[in-house]
Amino acid sequence: MKKIIILILITIITLHINAQEKTDAMLFGHVKSESGGEHLSFANIMVKGTNLGTTSDVSGHFKLANLPLGKQTIQIQSLGYKVKEIEVIFEKGKSVELMIDLEDDVLNLEQVVITGTRTQHYVKDVPVRTEVITNREIENKNACNIYQALEGTPGIRVENQCQSCNFTMVRMQGLGAEHTQILINGQPMYSGLAGVYGLQQLSTIDVGRIEVVKGAGSALYGSSAIAGAINIITKEPSFVPSTTVGLQFGNYKSNRYDISSSLRNERGNIGLNIFAQRLTEDVIDQTGEGSTREEVKHKDGVSDRVATALTNAGFGLFVNDIFFKNDKLILRGKTIFERRQGGIITDDYYKNPFTDGTESIFTDRYEAELQYNKKFNKSEFNFSLAYVNHSRDATNDSFLNDYMGTHNDSVPDLRDMRPYIAKENSVTSALTYGIKLGSHNLLFGIQAFYDDLKETGMYVIVDTTSQYLGEAYKSTGEKSAKELGAFIQDEWNITSRLVVVPGVRFDWHNSGEEYTADRQISENNYFPKTDFNQTSFNPRIAVKYDISKKIILRANAGTGFRAPYGFSEDLHLCSGSPRVWKSSDLKPETSISYNFSVDYYEQNIKVNLNLFRTDLKDKIGFTDADPNIAALGYNYQWKNIDNAYVQGIELSVMTTIVKNLGIGIDFTYNHGKYKHVREDWIGTDYESISKYISRFPETTGNLKLEYTPKTWTFTILGNYQGSMYIDYYNSDIDIETGDQSKIKKTDPYMLFNARISKKIRNIKLHVGVNNIFNYIQDERHLDDAAFMYAPVYGTMFSGGITFDITH
């Protein structure tokens with residue numbers, strides 16, 4: 001099979017490498033900033049409607065040869081500047097010189113986006129409000145992974161969920177990761193096992209931009225898009241051969257090594273990207289348990305940050321006009337390998353994966369992706385297919401501790417000490433057809449998803465009422481899911497000012513789970529097989545109205561659903577000994593969401609006000625197992641616990657009223673509650689406040705200052721988090737401290753990061769510091785790994801150098 005694929009690729013490339021017609025018509029010149037006058041390197045100069053193009057060199061100059069004769073439109077693009085188009089007439093054997101000045105676009109209003117409607121629009125014109133994190137912003141943040149890239153985005157909160165393994169997640173408008181659909185090039189390839197550590201494992205080295213769409217997304221993207229969608233869009237090849245090499249070093253051996261190359265053939269219709277990144281981080285121990293910040297500020301010999309060795313590598317092959325004129329084939333491949341280890345660091349104790357207090361997790365991930373696009377006169381056809389193989393090999397001390405706790409502190413046989421092993425295979429595919437009929441842009445689509453997950457692990461019966469108390473056994477779990485969705489959307493341009501976008505999607509979901517044990521652990525030794533069959537019908541309507549060229553109103557409302565499959569918390573817990581039960585009677589969550597926004601655009605200022613609300617029905621929650629479920633060997637279970645809502649107001653301002661100085665400020669007020677108090681807090685002092693949704697700050701905000709005089713860039717980022725409620729579960733009261741389970745209301749705090757970079761021709765130097773004022777959370781309890789709400793280690797420094805080589 002591999003030989004056939006290689007032969008096909010060689011044939012495709014051979015058929016398309018023939019040289020273009022020699023017209024000897026040439027275009028040359030330079031690209032400069034209209035405001036600052038400096039030359040712009042790496043600007044794209046393209047002949048519109050063809051595959052021909054080039055990139056300006058480090059001095060801002062460019063040259064294009066053998067261009068098509070007659071009148072042609074030259075399109076010039078550069079990050080942070082408005083697109084410019086110039087008509088030029090080319091004659092055989094003659095040259096044309098262009099001196100191009102580009103106007104600043106610091107507000108990114110001419111960034112093209114696709115996620116909100118699955119169709120291309122400029123940010124300012126898209127009917128469904130879309131926020132963009134550009135490649136330039138990612139670079140200025142010095143974000144090496146998706147977790148860091150999303151930090152500071154209004155309405156989004158990324159957080160560390162586990163003190164032991166540093167599991168991270170993203171929250172959008174108060175809803176958890178399970179309500180946010182993360183896409184890679186429009187496909188839901190980020191699911192299952194990737195939902196636990198994927199935010200840190202997915203590198204930004206191949207990311208072109210990230211699009212964020214808030215609010216009801218199930219009408220376009222299916223299950224899990226209740227809060228919205230985050231679409232990670234990868235880079236396309238540059239028009240000239242180029243290579244970028246980056247080296248970065250930081251304290252605690254926080255080092256990063258990058259290399260990426262890009263090239264196209266002479267005709268410009270075949271392009272190739274290749275990339276690799278290596279990230280290494282040593283363990284950090286700066287804090288320990290305590291009820292005050294002064295108590296917390298003492299090392300305890302346990303890792304606050306795990307040691308990590310992470311590698312991302314891959315390629316992207318782009319072929320235009322491969323079968324027909326105006327078609328495009330994209331093939332991508334990517335691998336991710338990670339090792340993370342943490343625990344007791346004295347004498348490198350944590351490096352033995354089977355010791356108490358130790359976390360040792362190995363991840364192997366392989367991605368393959370195919371996309372095909374064909375443009376017709378007034379219509380467009382798109383097909384995509386993606387495959388993911390994701391494996392995890394993990395150990396922690398849950399099995400060891402449970403065994404010792406039921407065997408008078410004696411340890412298990414070494415031959416029984418084996419890791420949790422999980423292997424997941426998933427396939428996703430989508431087909432869309434869009435057509436323009438008068439004032440209507442119709443989009444029809446179908447999407448399919450299949451996932452298969454097999455996992456094994458060692459467990460111990462800890463139920464003191466069971467006759468099998470202390471029995472150690474190997475459990476095997478088999479989980480699978482199948483989804484099929486069909487959707488239709490009409491982008492109706494009623495007038496030049498008013499656009500209405502109704503849409504609807506129908507989904508069918510089937511999933512199931514089955515467990516077996518290698519020995520007798522209950523009277524009937526039977527684990528009920530679960531099976532879910534659900535259908536869902538989700539409409540959405542979006543409206544955009546331009547009051548004027550400066551003021552735009554947007555509103556959307558829609559329903560959503562989340563099927564009871566693939567919870568990240570479930571997979572996280574199952575890497576230890578607790579088993580999580582899901583009943584076949586579990587209902588899918590359903591929701592209705594509303595968003596209304598006002599955008600004001602001026603030449604140097606953008607103001608946005610966004611109001612949102614989501615009502616959840618049959619919210620699925622994580623609880624202790626009921627007695628009849630515990631008797632089967634389960635420690636926890638998922639339940640439809642209650643109805644809930646989240647709502648809030650976001651206000652953001654971006655301005656460049658001072659030359660070369662960009663200022664961004666945003667502030668969000670949030671409110672979220674369950675309909676009733678939570679069962680596990682009834683009868684406690686925290687009963688009344690248990691209605692508030694945990695980990696949902698009342699207020700959040702961000703500050704961004706960016707000063708860019710010529711070849712310098714100075715960036716200051718501030719992140720504010722207001723008070724929030726967070727659960728602390730402790731089954732045993734500490735007689736000395738009196739610590740017991742409680743709901744803590746945290747204090748507000750603000751973190752600051754800074755970065756300085758200097759560009760010297762094709763070399764960029766940069767230094768940075770994160771958590772400048774060394775802020776750490778003021779209370780820590782290691783017996784509840786999820787009790788995290790602020791940094792647990794302080795200031796981090798980094799410095800690096802990047803080489804851009806144009807061949």
# chains A, B, ... in the order shown; residues from 1 in each chain; ligands from 1
>>> closest_atom_pairs(of="range 626-660 of chain A", to="range 148-154 of chain A", cutoff="10 Å", atoms="only C-alpha atoms", output="JSON lines")
{"residue": "A:Glu650", "atom": "CA", "partner": "A:Pro154", "partner_atom": "CA", "distance": 7.3}
{"residue": "A:Leu651", "atom": "CA", "partner": "A:Pro154", "partner_atom": "CA", "distance": 8.5}
{"residue": "A:Ser652", "atom": "CA", "partner": "A:Pro154", "partner_atom": "CA", "distance": 7.7}
>>> closest_atom_pairs(of="range 39-144 of chain A", to="range 752-756 of chain A", cutoff="12 Å", atoms="only C-alpha atoms", output="Markdown table")
| residue | atom | partner | partner_atom | distance |
| --- | --- | --- | --- | --- |
| A:Glu137 | CA | A:Arg755 | CA | 11.9 |
| A:Glu139 | CA | A:Arg755 | CA | 10.2 |
| A:Asn140 | CA | A:Arg755 | CA | 7.3 |
| A:Lys141 | CA | A:Arg755 | CA | 7.5 |
| A:Asn142 | CA | A:Arg755 | CA | 7.9 |
| A:Ala143 | CA | A:Arg755 | CA | 11.3 |
>>> write_last_selection(atoms="C-alpha atoms", output="PDB file, in the first residue's frame")
ATOM      1  CA  GLU A 137       0.331  37.155  17.396  1.00  0.00           C
ATOM      2  CA  GLU A 139       5.039  34.599  17.466  1.00  0.00           C
ATOM      3  CA  ASN A 140       4.820  37.754  19.592  1.00  0.00           C
ATOM      4  CA  LYS A 141       3.376  35.700  22.472  1.00  0.00           C
ATOM      5  CA  ASN A 142       6.219  33.210  22.015  1.00  0.00           C
ATOM      6  CA  ALA A 143       3.536  30.511  22.149  1.00  0.00           C
TER       7      ALA A 143
END
>>> residues_around(residues="Glu369 in chain A", least_positions_apart="2", cutoff="9 Å", atoms="only C-alpha atoms", output="list in words")
Ile330, Leu331, Arg332, Gly333, Lys334, Glu367, Gln371, Ser384, Leu385, Ala386, Tyr387 and Val388 of chain A
>>> atom_distance(atom1="CA of Ala563 in chain A", atom2="CA of Glu178 in chain A")
9.9 Å
>>> closest_residue(among="A:Asn640, A:Thr115, A:Ser242, A:Asn595", to="Val132 in chain A", atoms="only C-alpha atoms")
A:Thr115
>>> select_by_dssp(residues="range 136-267 of chain A", states="strand (DSSP E)", output="number ranges by chain")
A: 156-160, 168-172, 180-184, 207-214, 228-234, 242-250, 255-264
>>> closest_residue(among="A:Ser583, A:Thr802, A:Asn425, A:Thr655", to="Met189 in chain A", atoms="only C-alpha atoms")
A:Asn425
>>> closest_residue(among="A:Gly198, A:Gly186, A:Gly174, A:Gly301", to="Leu616 in chain A", atoms="only C-alpha atoms")
A:Gly174
>>> atom_distance(atom1="CA of Ser591 in chain A", atom2="CA of Ile226 in chain A")
6.8 Å
>>> atom_distance(atom1="CA of Ile344 in chain A", atom2="CA of Asp356 in chain A")
8.3 Å
>>> closest_residue(among="A:Ile435, A:Leu310, A:Leu453, A:Ala631", to="Asp364 in chain A", atoms="only C-alpha atoms")
A:Leu310
>>> closest_residue(among="A:Met46, A:Leu437, A:Cys144, A:Leu67", to="Val83 in chain A", atoms="only C-alpha atoms")
A:Met46
>>> residues_around(residues="Gly722 in chain A", least_positions_apart="6", cutoff="6 Å", atoms="only C-alpha atoms", output="ChimeraX atom specification")
/A:697-700,748
>>> write_last_selection(atoms="N, CA, C and O atoms", output="short mmCIF file (atom, residue, chain, number, x, y, z; two decimals), in the first residue's frame")
data_model
loop_
_atom_site.label_atom_id
_atom_site.label_comp_id
_atom_site.auth_asym_id
_atom_site.auth_seq_id
_atom_site.Cartn_x
_atom_site.Cartn_y
_atom_site.Cartn_z
N PRO A 697 -14.83 32.14 36.59
CA PRO A 697 -14.55 33.43 37.24
C PRO A 697 -15.67 34.44 36.99
O PRO A 697 -16.25 34.49 35.90
N GLU A 698 -15.95 35.23 37.99
CA GLU A 698 -16.97 36.27 37.86
C GLU A 698 -16.55 37.31 36.83
O GLU A 698 -17.39 37.84 36.08
N THR A 699 -15.28 37.62 36.80
CA THR A 699 -14.75 38.59 35.85
C THR A 699 -13.41 38.10 35.31
O THR A 699 -12.66 37.42 36.01
N THR A 700 -13.13 38.44 34.07
CA THR A 700 -11.82 38.17 33.47
C THR A 700 -11.46 39.36 32.59
O THR A 700 -12.32 40.15 32.17
N PRO A 748 -9.06 37.59 43.39
CA PRO A 748 -8.65 38.02 42.04
C PRO A 748 -7.13 38.15 41.98
O PRO A 748 -6.45 38.41 42.98
#
>>> residues_around(residues="Val113 in chain A", least_positions_apart="6", cutoff="7 Å", atoms="only C-alpha atoms", output="NGL selection string")
:A and (120-123)
>>> write_last_selection(atoms="N, CA, C and O atoms", output="CSV table (one decimal), in the first residue's frame")
chain,number,residue,atom,x,y,z
A,120,GLN,N,-15.6,31.5,2.9
A,120,GLN,CA,-14.6,32.5,3.1
A,120,GLN,C,-15.2,33.9,3.2
A,120,GLN,O,-16.1,34.3,2.4
A,121,HIS,N,-14.7,34.6,4.2
A,121,HIS,CA,-15.1,36.0,4.4
A,121,HIS,C,-13.9,36.8,5.0
A,121,HIS,O,-13.1,36.2,5.7
A,122,TYR,N,-13.9,38.1,4.8
A,122,TYR,CA,-13.0,38.9,5.6
A,122,TYR,C,-13.6,39.0,7.0
A,122,TYR,O,-14.9,38.9,7.2
A,123,VAL,N,-12.8,39.2,8.0
A,123,VAL,CA,-13.3,39.3,9.4
A,123,VAL,C,-14.4,40.3,9.5
A,123,VAL,O,-15.4,40.0,10.2
>>> residues_around(residues="Asn610 in chain A", least_positions_apart="3", cutoff="10 Å", atoms="only C-alpha atoms", output="list in words")
Arg129, Gly155, Leu553, Arg554, Ala555, Asn595, Phe596, Ser597, Val598, Asp599, Gly648, Ile649, Glu650, Leu651, Ser652 and Thr668 of chain A
>>> closest_residue(among="A:Phe622, A:Tyr565, A:Trp712, A:Tyr775", to="Glu679 in chain A", atoms="only C-alpha atoms")
A:Phe622
>>> residues_around(residues="Asn719 in chain A", least_positions_apart="5", cutoff="7 Å", atoms="only C-alpha atoms", output="ChimeraX atom specification")
/A:152,701-703,750-752
>>> decode(residues="range 598-614 of chain A", atoms="all heavy atoms", output="mmCIF file, in the first residue's frame")
data_model
loop_
_atom_site.group_PDB
_atom_site.id
_atom_site.type_symbol
_atom_site.label_atom_id
_atom_site.label_comp_id
_atom_site.auth_asym_id
_atom_site.auth_seq_id
_atom_site.Cartn_x
_atom_site.Cartn_y
_atom_site.Cartn_z
ATOM 1 N N VAL A 598 -22.103 44.039 18.986
ATOM 2 C CA VAL A 598 -21.999 45.311 18.268
ATOM 3 C C VAL A 598 -20.514 45.574 18.053
ATOM 4 O O VAL A 598 -19.723 45.549 19.001
ATOM 5 C CB VAL A 598 -22.621 46.477 19.063
ATOM 6 C CG1 VAL A 598 -22.538 47.770 18.251
ATOM 7 C CG2 VAL A 598 -24.050 46.164 19.449
ATOM 8 N N ASP A 599 -20.133 45.810 16.799
ATOM 9 C CA ASP A 599 -18.748 46.136 16.467
ATOM 10 C C ASP A 599 -18.678 47.543 15.884
ATOM 11 O O ASP A 599 -19.456 47.886 14.968
ATOM 12 C CB ASP A 599 -18.175 45.145 15.454
ATOM 13 C CG ASP A 599 -17.914 43.788 16.073
ATOM 14 O OD1 ASP A 599 -16.891 43.634 16.734
ATOM 15 O OD2 ASP A 599 -18.754 42.883 15.897
ATOM 16 N N TYR A 600 -17.755 48.314 16.414
ATOM 17 C CA TYR A 600 -17.516 49.665 15.890
ATOM 18 C C TYR A 600 -16.098 49.701 15.331
ATOM 19 O O TYR A 600 -15.128 49.380 16.024
ATOM 20 C CB TYR A 600 -17.683 50.705 16.991
ATOM 21 C CG TYR A 600 -17.272 52.110 16.562
ATOM 22 C CD1 TYR A 600 -18.127 52.877 15.775
ATOM 23 C CD2 TYR A 600 -16.052 52.641 16.944
ATOM 24 C CE1 TYR A 600 -17.760 54.157 15.368
ATOM 25 C CE2 TYR A 600 -15.675 53.922 16.550
ATOM 26 C CZ TYR A 600 -16.527 54.672 15.757
ATOM 27 O OH TYR A 600 -16.154 55.936 15.351
ATOM 28 N N TYR A 601 -15.987 50.066 14.048
ATOM 29 C CA TYR A 601 -14.699 50.114 13.374
ATOM 30 C C TYR A 601 -14.372 51.545 12.962
ATOM 31 O O TYR A 601 -15.157 52.203 12.274
ATOM 32 C CB TYR A 601 -14.716 49.248 12.112
ATOM 33 C CG TYR A 601 -15.080 47.796 12.349
ATOM 34 C CD1 TYR A 601 -16.384 47.343 12.133
ATOM 35 C CD2 TYR A 601 -14.130 46.874 12.766
ATOM 36 C CE1 TYR A 601 -16.723 46.020 12.324
ATOM 37 C CE2 TYR A 601 -14.466 45.546 12.978
ATOM 38 C CZ TYR A 601 -15.762 45.127 12.750
ATOM 39 O OH TYR A 601 -16.094 43.812 12.946
ATOM 40 N N GLU A 602 -13.237 52.016 13.383
ATOM 41 C CA GLU A 602 -12.688 53.287 12.930
ATOM 42 C C GLU A 602 -11.309 52.976 12.360
ATOM 43 O O GLU A 602 -10.828 51.837 12.471
ATOM 44 C CB GLU A 602 -12.614 54.268 14.108
ATOM 45 C CG GLU A 602 -12.291 55.708 13.775
ATOM 46 C CD GLU A 602 -13.260 56.349 12.799
ATOM 47 O OE1 GLU A 602 -14.349 56.778 13.205
ATOM 48 O OE2 GLU A 602 -12.898 56.388 11.597
ATOM 49 N N GLN A 603 -10.663 53.943 11.749
ATOM 50 C CA GLN A 603 -9.386 53.661 11.103
ATOM 51 C C GLN A 603 -8.369 53.077 12.078
ATOM 52 O O GLN A 603 -7.643 52.144 11.746
ATOM 53 C CB GLN A 603 -8.816 54.928 10.473
ATOM 54 C CG GLN A 603 -7.511 54.695 9.723
ATOM 55 C CD GLN A 603 -7.024 55.925 9.005
ATOM 56 O OE1 GLN A 603 -7.665 56.968 9.060
ATOM 57 N NE2 GLN A 603 -5.906 55.829 8.325
ATOM 58 N N ASN A 604 -8.338 53.593 13.303
ATOM 59 C CA ASN A 604 -7.327 53.151 14.262
ATOM 60 C C ASN A 604 -7.926 52.599 15.545
ATOM 61 O O ASN A 604 -7.228 52.508 16.556
ATOM 62 C CB ASN A 604 -6.376 54.318 14.602
ATOM 63 C CG ASN A 604 -5.546 54.731 13.417
ATOM 64 O OD1 ASN A 604 -4.993 53.890 12.714
ATOM 65 N ND2 ASN A 604 -5.465 56.035 13.173
ATOM 66 N N ILE A 605 -9.195 52.243 15.496
ATOM 67 C CA ILE A 605 -9.811 51.720 16.711
ATOM 68 C C ILE A 605 -10.910 50.730 16.363
ATOM 69 O O ILE A 605 -11.604 50.874 15.352
ATOM 70 C CB ILE A 605 -10.375 52.867 17.589
ATOM 71 C CG1 ILE A 605 -10.790 52.331 18.960
ATOM 72 C CG2 ILE A 605 -11.530 53.560 16.892
ATOM 73 C CD1 ILE A 605 -11.124 53.439 19.959
ATOM 74 N N LYS A 606 -11.033 49.706 17.183
ATOM 75 C CA LYS A 606 -12.111 48.736 17.059
ATOM 76 C C LYS A 606 -12.678 48.482 18.442
ATOM 77 O O LYS A 606 -11.933 48.167 19.387
ATOM 78 C CB LYS A 606 -11.616 47.420 16.451
ATOM 79 C CG LYS A 606 -12.717 46.369 16.316
ATOM 80 C CD LYS A 606 -12.224 45.105 15.619
ATOM 81 C CE LYS A 606 -11.320 44.291 16.491
ATOM 82 N NZ LYS A 606 -10.988 42.974 15.885
ATOM 83 N N VAL A 607 -14.007 48.598 18.576
ATOM 84 C CA VAL A 607 -14.678 48.360 19.848
ATOM 85 C C VAL A 607 -15.721 47.275 19.631
ATOM 86 O O VAL A 607 -16.470 47.301 18.655
ATOM 87 C CB VAL A 607 -15.346 49.647 20.376
ATOM 88 C CG1 VAL A 607 -16.025 49.376 21.718
ATOM 89 C CG2 VAL A 607 -14.327 50.766 20.521
ATOM 90 N N ASN A 608 -15.774 46.320 20.553
ATOM 91 C CA ASN A 608 -16.756 45.243 20.448
ATOM 92 C C ASN A 608 -17.460 45.043 21.772
ATOM 93 O O ASN A 608 -16.846 45.048 22.843
ATOM 94 C CB ASN A 608 -16.083 43.930 20.042
ATOM 95 C CG ASN A 608 -17.000 42.729 20.258
ATOM 96 O OD1 ASN A 608 -16.847 41.989 21.211
ATOM 97 N ND2 ASN A 608 -17.996 42.581 19.395
ATOM 98 N N LEU A 609 -18.765 44.890 21.695
ATOM 99 C CA LEU A 609 -19.579 44.516 22.842
ATOM 100 C C LEU A 609 -20.328 43.246 22.480
ATOM 101 O O LEU A 609 -21.015 43.188 21.458
ATOM 102 C CB LEU A 609 -20.569 45.633 23.185
ATOM 103 C CG LEU A 609 -21.534 45.343 24.350
ATOM 104 C CD1 LEU A 609 -20.773 45.274 25.670
ATOM 105 C CD2 LEU A 609 -22.633 46.410 24.408
ATOM 106 N N ASN A 610 -20.202 42.210 23.305
ATOM 107 C CA ASN A 610 -20.797 40.907 23.001
ATOM 108 C C ASN A 610 -21.556 40.401 24.222
ATOM 109 O O ASN A 610 -21.005 40.323 25.316
ATOM 110 C CB ASN A 610 -19.705 39.911 22.599
ATOM 111 C CG ASN A 610 -20.278 38.567 22.197
ATOM 112 O OD1 ASN A 610 -21.292 38.500 21.518
ATOM 113 N ND2 ASN A 610 -19.638 37.494 22.622
ATOM 114 N N LEU A 611 -22.833 40.070 24.033
ATOM 115 C CA LEU A 611 -23.657 39.491 25.092
ATOM 116 C C LEU A 611 -23.935 38.035 24.740
ATOM 117 O O LEU A 611 -24.244 37.717 23.579
ATOM 118 C CB LEU A 611 -24.985 40.234 25.227
ATOM 119 C CG LEU A 611 -24.973 41.629 25.859
ATOM 120 C CD1 LEU A 611 -24.401 42.659 24.897
ATOM 121 C CD2 LEU A 611 -26.390 42.042 26.281
ATOM 122 N N PHE A 612 -23.835 37.148 25.722
ATOM 123 C CA PHE A 612 -24.046 35.727 25.443
ATOM 124 C C PHE A 612 -24.814 35.058 26.577
ATOM 125 O O PHE A 612 -24.770 35.487 27.731
ATOM 126 C CB PHE A 612 -22.703 35.014 25.242
ATOM 127 C CG PHE A 612 -21.820 34.974 26.467
ATOM 128 C CD1 PHE A 612 -21.910 33.934 27.390
ATOM 129 C CD2 PHE A 612 -20.876 35.974 26.695
ATOM 130 C CE1 PHE A 612 -21.102 33.896 28.520
ATOM 131 C CE2 PHE A 612 -20.057 35.941 27.816
ATOM 132 C CZ PHE A 612 -20.170 34.903 28.726
ATOM 133 N N ARG A 613 -25.528 34.012 26.213
ATOM 134 C CA ARG A 613 -26.197 33.166 27.195
ATOM 135 C C ARG A 613 -26.375 31.783 26.592
ATOM 136 O O ARG A 613 -26.725 31.642 25.414
ATOM 137 C CB ARG A 613 -27.558 33.717 27.604
ATOM 138 C CG ARG A 613 -28.272 32.815 28.646
ATOM 139 C CD ARG A 613 -29.619 33.350 29.027
ATOM 140 N NE ARG A 613 -30.362 32.396 29.859
ATOM 141 C CZ ARG A 613 -30.457 32.446 31.186
ATOM 142 N NH1 ARG A 613 -29.847 33.414 31.845
ATOM 143 N NH2 ARG A 613 -31.166 31.548 31.845
ATOM 144 N N THR A 614 -26.127 30.758 27.399
ATOM 145 C CA THR A 614 -26.380 29.375 27.006
ATOM 146 C C THR A 614 -27.135 28.680 28.125
ATOM 147 O O THR A 614 -26.725 28.728 29.290
ATOM 148 C CB THR A 614 -25.074 28.618 26.726
ATOM 149 O OG1 THR A 614 -24.392 29.223 25.618
ATOM 150 C CG2 THR A 614 -25.353 27.159 26.394
#
